[in-house]
file upload21.pdb (PDB, C-alpha atoms)
MODEL        1
ATOM      1  CA  MET P 997    -140.857  24.272 -12.090  1.00  0.00           C
ATOM      2  CA  LEU P 998    -142.715  21.865 -14.381  1.00  0.00           C
ATOM      3  CA  ASN P 999    -146.180  21.988 -15.909  1.00  0.00           C
ATOM      4  CA  PHE P1000    -147.370  18.586 -17.122  1.00  0.00           C
ATOM      5  CA  ALA P1001    -150.836  19.872 -18.089  1.00  0.00           C
ATOM      6  CA  ASN P1002    -152.222  21.180 -21.369  1.00  0.00           C
ATOM      7  CA  ARG P1003    -152.997  24.499 -19.679  1.00  0.00           C
ATOM      8  CA  GLN P1004    -151.204  27.834 -19.718  1.00  0.00           C
ATOM      9  CA  TYR P1005    -150.954  29.964 -16.556  1.00  0.00           C
ATOM     10  CA  ALA P1006    -150.579  33.718 -17.080  1.00  0.00           C
ATOM     11  CA  GLY P1007    -149.560  33.917 -13.432  1.00  0.00           C
ATOM     12  CA  TYR P1008    -148.653  30.870 -11.352  1.00  0.00           C
ATOM     13  CA  THR P1009    -147.805  31.656  -7.721  1.00  0.00           C
ATOM     14  CA  LEU P1010    -145.329  29.399  -5.929  1.00  0.00           C
ATOM     15  CA  GLY P1011    -143.498  29.321  -2.606  1.00  0.00           C
ATOM     16  CA  LEU P1012    -139.836  30.315  -2.528  1.00  0.00           C
ATOM     17  CA  PRO P1013    -137.049  29.965   0.056  1.00  0.00           C
ATOM     18  CA  ARG P1014    -135.866  33.608  -0.164  1.00  0.00           C
ATOM     19  CA  GLY P1015    -137.212  37.026  -1.027  1.00  0.00           C
ATOM     20  CA  GLY P1016    -135.804  39.408  -3.582  1.00  0.00           C
ATOM     21  CA  SER P1017    -135.277  39.210  -7.335  1.00  0.00           C
ATOM     22  CA  TRP P1018    -135.715  35.892  -9.142  1.00  0.00           C
ATOM     23  CA  ARG P1019    -134.693  35.385 -12.759  1.00  0.00           C
ATOM     24  CA  VAL P1020    -136.079  33.041 -15.382  1.00  0.00           C
ATOM     25  CA  ARG P1021    -132.996  31.215 -16.698  1.00  0.00           C
ATOM     26  CA  PHE P1022    -134.782  28.765 -18.987  1.00  0.00           C
ATOM     27  CA  ASN P1023    -138.293  28.595 -20.473  1.00  0.00           C
ATOM     28  CA  SER P1024    -138.870  25.506 -22.623  1.00  0.00           C
ATOM     29  CA  ASP P1025    -141.934  27.151 -24.245  1.00  0.00           C
ATOM     30  CA  TRP P1026    -139.775  29.821 -25.954  1.00  0.00           C
ATOM     31  CA  ASN P1027    -140.548  29.857 -29.681  1.00  0.00           C
ATOM     32  CA  GLY P1028    -136.862  30.402 -30.432  1.00  0.00           C
ATOM     33  CA  TYR P1029    -136.530  26.632 -30.021  1.00  0.00           C
ATOM     34  CA  SER P1030    -139.390  25.904 -32.439  1.00  0.00           C
ATOM     35  CA  ALA P1031    -142.167  27.870 -34.126  1.00  0.00           C
ATOM     36  CA  ASP P1032    -144.527  25.203 -32.724  1.00  0.00           C
ATOM     37  CA  PHE P1033    -143.996  26.479 -29.159  1.00  0.00           C
ATOM     38  CA  GLY P1034    -146.393  29.003 -27.635  1.00  0.00           C
ATOM     39  CA  ASN P1035    -143.840  31.459 -26.202  1.00  0.00           C
ATOM     40  CA  ALA P1036    -145.738  31.917 -22.927  1.00  0.00           C
ATOM     41  CA  ALA P1037    -144.425  34.948 -21.039  1.00  0.00           C
ATOM     42  CA  SER P1038    -142.224  33.836 -18.129  1.00  0.00           C
ATOM     43  CA  ASN P1039    -140.598  36.969 -16.765  1.00  0.00           C
ATOM     44  CA  ASP P1040    -138.258  37.778 -13.889  1.00  0.00           C
ATOM     45  CA  PHE P1041    -140.092  38.753 -10.677  1.00  0.00           C
ATOM     46  CA  GLN P1042    -139.741  39.830  -7.052  1.00  0.00           C
ATOM     47  CA  ALA P1043    -140.531  37.365  -4.252  1.00  0.00           C
ATOM     48  CA  ASN P1044    -142.585  38.828  -1.416  1.00  0.00           C
ATOM     49  CA  PRO P1045    -143.029  37.732   2.204  1.00  0.00           C
ATOM     50  CA  ALA P1046    -145.955  35.293   2.378  1.00  0.00           C
ATOM     51  CA  SER P1047    -146.513  31.734   3.545  1.00  0.00           C
ATOM     52  CA  ARG P1048    -146.984  29.388   0.564  1.00  0.00           C
ATOM     53  CA  ASP P1049    -145.954  25.790  -0.074  1.00  0.00           C
ATOM     54  CA  SER P1050    -144.336  25.615   3.407  1.00  0.00           C
ATOM     55  CA  MET P1051    -141.975  28.467   2.501  1.00  0.00           C
ATOM     56  CA  ASN P1052    -141.746  32.058   3.752  1.00  0.00           C
ATOM     57  CA  PHE P1053    -141.888  33.877   0.392  1.00  0.00           C
ATOM     58  CA  GLU P1054    -143.912  33.694  -2.806  1.00  0.00           C
ATOM     59  CA  GLY P1055    -143.599  34.857  -6.379  1.00  0.00           C
ATOM     60  CA  THR P1056    -145.661  34.679  -9.551  1.00  0.00           C
ATOM     61  CA  VAL P1057    -144.419  33.647 -12.985  1.00  0.00           C
ATOM     62  CA  GLY P1058    -146.064  32.735 -16.308  1.00  0.00           C
ATOM     63  CA  LEU P1059    -146.061  29.082 -17.275  1.00  0.00           C
ATOM     64  CA  GLY P1060    -146.893  27.566 -20.658  1.00  0.00           C
ATOM     65  CA  PRO P1061    -148.490  24.158 -21.236  1.00  0.00           C
ATOM     66  CA  TYR P1062    -146.124  21.173 -20.984  1.00  0.00           C
ATOM     67  CA  THR P1063    -143.328  23.549 -19.976  1.00  0.00           C
ATOM     68  CA  ALA P1064    -140.228  23.589 -17.789  1.00  0.00           C
ATOM     69  CA  VAL P1065    -139.116  26.899 -16.272  1.00  0.00           C
ATOM     70  CA  VAL P1066    -135.833  27.205 -14.363  1.00  0.00           C
ATOM     71  CA  LEU P1067    -135.503  30.022 -11.802  1.00  0.00           C
ATOM     72  CA  SER P1068    -132.518  31.340  -9.855  1.00  0.00           C
ATOM     73  CA  GLN P1069    -131.387  34.318  -7.835  1.00  0.00           C
TER      74      GLN P1069
ENDMDL
END

call {"tool": "encode", "arguments": {"input": "upload21.pdb", "output": "structure tokens"}}
result
Amino acid sequence: MLNFANRQYAGYTLGLPRGGSWRVRFNSDWNGYSADFGNAASNDFQANPASRDSMNFEGTVGLGPYTAVVLSQ
């Protein structure tokens, strides 16, 4: 998932292909890469049944400004 805006989302909800546990594998806003980064909280989450973005499940994750977040199961 990519955020090209100068806006942080405490909770961004997106459609997912499967339910269950999803893990954040990479968050480019982590301040371990640079003290200049905001370290927006992007935590693992559970996907729930719901129709969103033409998919059958949805989940919510934090997203920093100008950030890439990689998710997997």

call {"tool": "closest_residue", "arguments": {"input": "upload21.pdb", "among": "P:Tyr1062, P:Asn1027, P:Asn1039, P:Leu1067", "to": "Asn1002 in chain P", "atoms": "only C-alpha atoms"}}
result
P:Tyr1062

call {"tool": "resolve_selection", "arguments": {"input": "upload21.pdb", "expression": "the PyMOL selection byres ((chain P and resi 1055) around 6)", "output": "number ranges by chain"}}
result
P: 1009-1010, 1043, 1054, 1056

call {"tool": "closest_residue", "arguments": {"input": "upload21.pdb", "among": "P:Val1065, P:Leu1012, P:Leu998, P:Ala1006", "to": "Asp1049 in chain P", "atoms": "all atoms listed in the file"}}
result
P:Leu1012

call {"tool": "atom_distance", "arguments": {"input": "upload21.pdb", "atom1": "CA of Gly1034 in chain P", "atom2": "CA of Arg1048 in chain P"}}
result
28.2 Å

call {"tool": "resolve_selection", "arguments": {"input": "upload21.pdb", "expression": "the PyMOL selection byres ((chain P and resi 1041) around 6)", "output": "list in words"}}
result
Ser1017, Trp1018, Asp1040 and Gln1042 of chain P

call {"tool": "decode", "arguments": {"input": "upload21.pdb", "residues": "chain P", "atoms": "C-alpha atoms", "output": "PDB file, in the first residue's frame"}}
result
ATOM      1  CA  MET P 997       0.000   0.000   0.000  1.00  0.00           C
ATOM      2  CA  LEU P 998       1.317   3.464  -0.872  1.00  0.00           C
ATOM      3  CA  ASN P 999       0.445   6.910   0.442  1.00  0.00           C
ATOM      4  CA  PHE P1000       1.582   9.696  -1.882  1.00  0.00           C
ATOM      5  CA  ALA P1001      -0.029  12.444   0.228  1.00  0.00           C
ATOM      6  CA  ASN P1002       1.344  14.626   3.011  1.00  0.00           C
ATOM      7  CA  ARG P1003      -1.282  13.211   5.371  1.00  0.00           C
ATOM      8  CA  GLN P1004      -1.088  10.563   8.072  1.00  0.00           C
ATOM      9  CA  TYR P1005      -3.937   8.070   8.583  1.00  0.00           C
ATOM     10  CA  ALA P1006      -4.305   6.629  12.089  1.00  0.00           C
ATOM     11  CA  GLY P1007      -6.572   4.006  10.551  1.00  0.00           C
ATOM     12  CA  TYR P1008      -6.842   3.422   6.806  1.00  0.00           C
ATOM     13  CA  THR P1009      -9.350   0.725   5.826  1.00  0.00           C
ATOM     14  CA  LEU P1010      -8.693  -1.266   2.657  1.00  0.00           C
ATOM     15  CA  GLY P1011     -10.165  -4.279   0.880  1.00  0.00           C
ATOM     16  CA  LEU P1012      -8.357  -7.606   1.148  1.00  0.00           C
ATOM     17  CA  PRO P1013      -8.632 -10.928  -0.709  1.00  0.00           C
ATOM     18  CA  ARG P1014      -8.735 -13.117   2.440  1.00  0.00           C
ATOM     19  CA  GLY P1015      -9.754 -12.899   6.066  1.00  0.00           C
ATOM     20  CA  GLY P1016      -7.597 -13.689   9.051  1.00  0.00           C
ATOM     21  CA  SER P1017      -4.351 -12.250  10.389  1.00  0.00           C
ATOM     22  CA  TRP P1018      -2.340  -9.810   8.273  1.00  0.00           C
ATOM     23  CA  ARG P1019       1.171  -8.716   9.198  1.00  0.00           C
ATOM     24  CA  VAL P1020       3.001  -5.493   8.449  1.00  0.00           C
ATOM     25  CA  ARG P1021       6.289  -6.650   6.889  1.00  0.00           C
ATOM     26  CA  PHE P1022       7.657  -3.227   5.968  1.00  0.00           C
ATOM     27  CA  ASN P1023       6.803   0.343   7.010  1.00  0.00           C
ATOM     28  CA  SER P1024       8.935   2.971   5.266  1.00  0.00           C
ATOM     29  CA  ASP P1025       7.968   5.577   7.911  1.00  0.00           C
ATOM     30  CA  TRP P1026       9.835   3.680  10.671  1.00  0.00           C
ATOM     31  CA  ASN P1027      12.245   6.057  12.414  1.00  0.00           C
ATOM     32  CA  GLY P1028      14.823   3.273  12.631  1.00  0.00           C
ATOM     33  CA  TYR P1029      15.693   4.209   9.045  1.00  0.00           C
ATOM     34  CA  SER P1030      16.082   7.911   9.883  1.00  0.00           C
ATOM     35  CA  ALA P1031      15.247  10.200  12.795  1.00  0.00           C
ATOM     36  CA  ASP P1032      13.498  12.404  10.200  1.00  0.00           C
ATOM     37  CA  PHE P1033      10.728   9.810   9.734  1.00  0.00           C
ATOM     38  CA  GLY P1034       7.495  10.061  11.716  1.00  0.00           C
ATOM     39  CA  ASN P1035       7.230   6.433  12.886  1.00  0.00           C
ATOM     40  CA  ALA P1036       3.485   6.219  12.202  1.00  0.00           C
ATOM     41  CA  ALA P1037       1.997   3.149  13.888  1.00  0.00           C
ATOM     42  CA  SER P1038       1.332   0.420  11.307  1.00  0.00           C
ATOM     43  CA  ASN P1039       0.402  -2.686  13.257  1.00  0.00           C
ATOM     44  CA  ASP P1040      -0.664  -6.221  12.379  1.00  0.00           C
ATOM     45  CA  PHE P1041      -4.459  -6.649  12.173  1.00  0.00           C
ATOM     46  CA  GLN P1042      -7.328  -9.054  11.533  1.00  0.00           C
ATOM     47  CA  ALA P1043      -9.293  -8.842   8.271  1.00  0.00           C
ATOM     48  CA  ASN P1044     -13.055  -9.097   8.696  1.00  0.00           C
ATOM     49  CA  PRO P1045     -15.811 -10.059   6.249  1.00  0.00           C
ATOM     50  CA  ALA P1046     -17.004  -6.905   4.470  1.00  0.00           C
ATOM     51  CA  SER P1047     -17.289  -5.697   0.892  1.00  0.00           C
ATOM     52  CA  ARG P1048     -14.650  -3.032   0.147  1.00  0.00           C
ATOM     53  CA  ASP P1049     -12.611  -2.217  -2.950  1.00  0.00           C
ATOM     54  CA  SER P1050     -14.303  -5.100  -4.847  1.00  0.00           C
ATOM     55  CA  MET P1051     -12.984  -7.609  -2.298  1.00  0.00           C
ATOM     56  CA  ASN P1052     -14.759  -9.717   0.331  1.00  0.00           C
ATOM     57  CA  PHE P1053     -12.736  -8.679   3.404  1.00  0.00           C
ATOM     58  CA  GLU P1054     -11.404  -5.474   4.926  1.00  0.00           C
ATOM     59  CA  GLY P1055      -8.779  -4.453   7.433  1.00  0.00           C
ATOM     60  CA  THR P1056      -7.491  -1.233   8.955  1.00  0.00           C
ATOM     61  CA  VAL P1057      -3.854  -0.207   9.299  1.00  0.00           C
ATOM     62  CA  GLY P1058      -2.014   3.025  10.164  1.00  0.00           C
ATOM     63  CA  LEU P1059      -0.305   4.836   7.322  1.00  0.00           C
ATOM     64  CA  GLY P1060       2.214   7.672   7.545  1.00  0.00           C
ATOM     65  CA  PRO P1061       2.627  10.483   5.011  1.00  0.00           C
ATOM     66  CA  TYR P1062       4.597   9.582   1.868  1.00  0.00           C
ATOM     67  CA  THR P1063       4.822   5.992   3.108  1.00  0.00           C
ATOM     68  CA  ALA P1064       4.931   2.464   1.717  1.00  0.00           C
ATOM     69  CA  VAL P1065       3.539  -0.372   3.841  1.00  0.00           C
ATOM     70  CA  VAL P1066       3.898  -4.012   2.777  1.00  0.00           C
ATOM     71  CA  LEU P1067       1.377  -6.538   4.143  1.00  0.00           C
ATOM     72  CA  SER P1068       1.268 -10.334   4.012  1.00  0.00           C
ATOM     73  CA  GLN P1069      -0.413 -13.301   5.623  1.00  0.00           C
TER      74      GLN P1069
END
